[in-house]
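Notes follow once the structure below has been shown.
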Amino acid sequence: MAETLKKGSRVTGAARDKLAADLKKKYDAGASIRELAEETGRSYGFVHRMLSESGVTLRGRGGATRGKKATSA
């Protein structure tokens, strides 16, 4: 996305469809929601909503988990 969107500006119609497709493609290629938000100049919530609306299966958060510790043998 060459131009960043003006924060708070409405994105509708064909522009919204194009943005959703671009975000979906980049997210599927491995970009994080936070990276996409930074790149587009929009909020995390906006990017999250756009991805959800476009049918993307969102990834888990990653990082350390609080599951059972593996026992060492």
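Ligands are numbered from 1 in the order shown, residues from 1 within each chain, and chains are lettered A, B, ... in the order they appear in the structure tokens.
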Exercise for review: Excluding stretch 47-55 of chain A and any residue of its chain fewer than 6 positions from it, enumerate the residues within 8 Å of it, using only C-alpha atoms, and give them as a ChimeraX atom specification.
Suggested key: /A:20-21,23-24,33,36-37
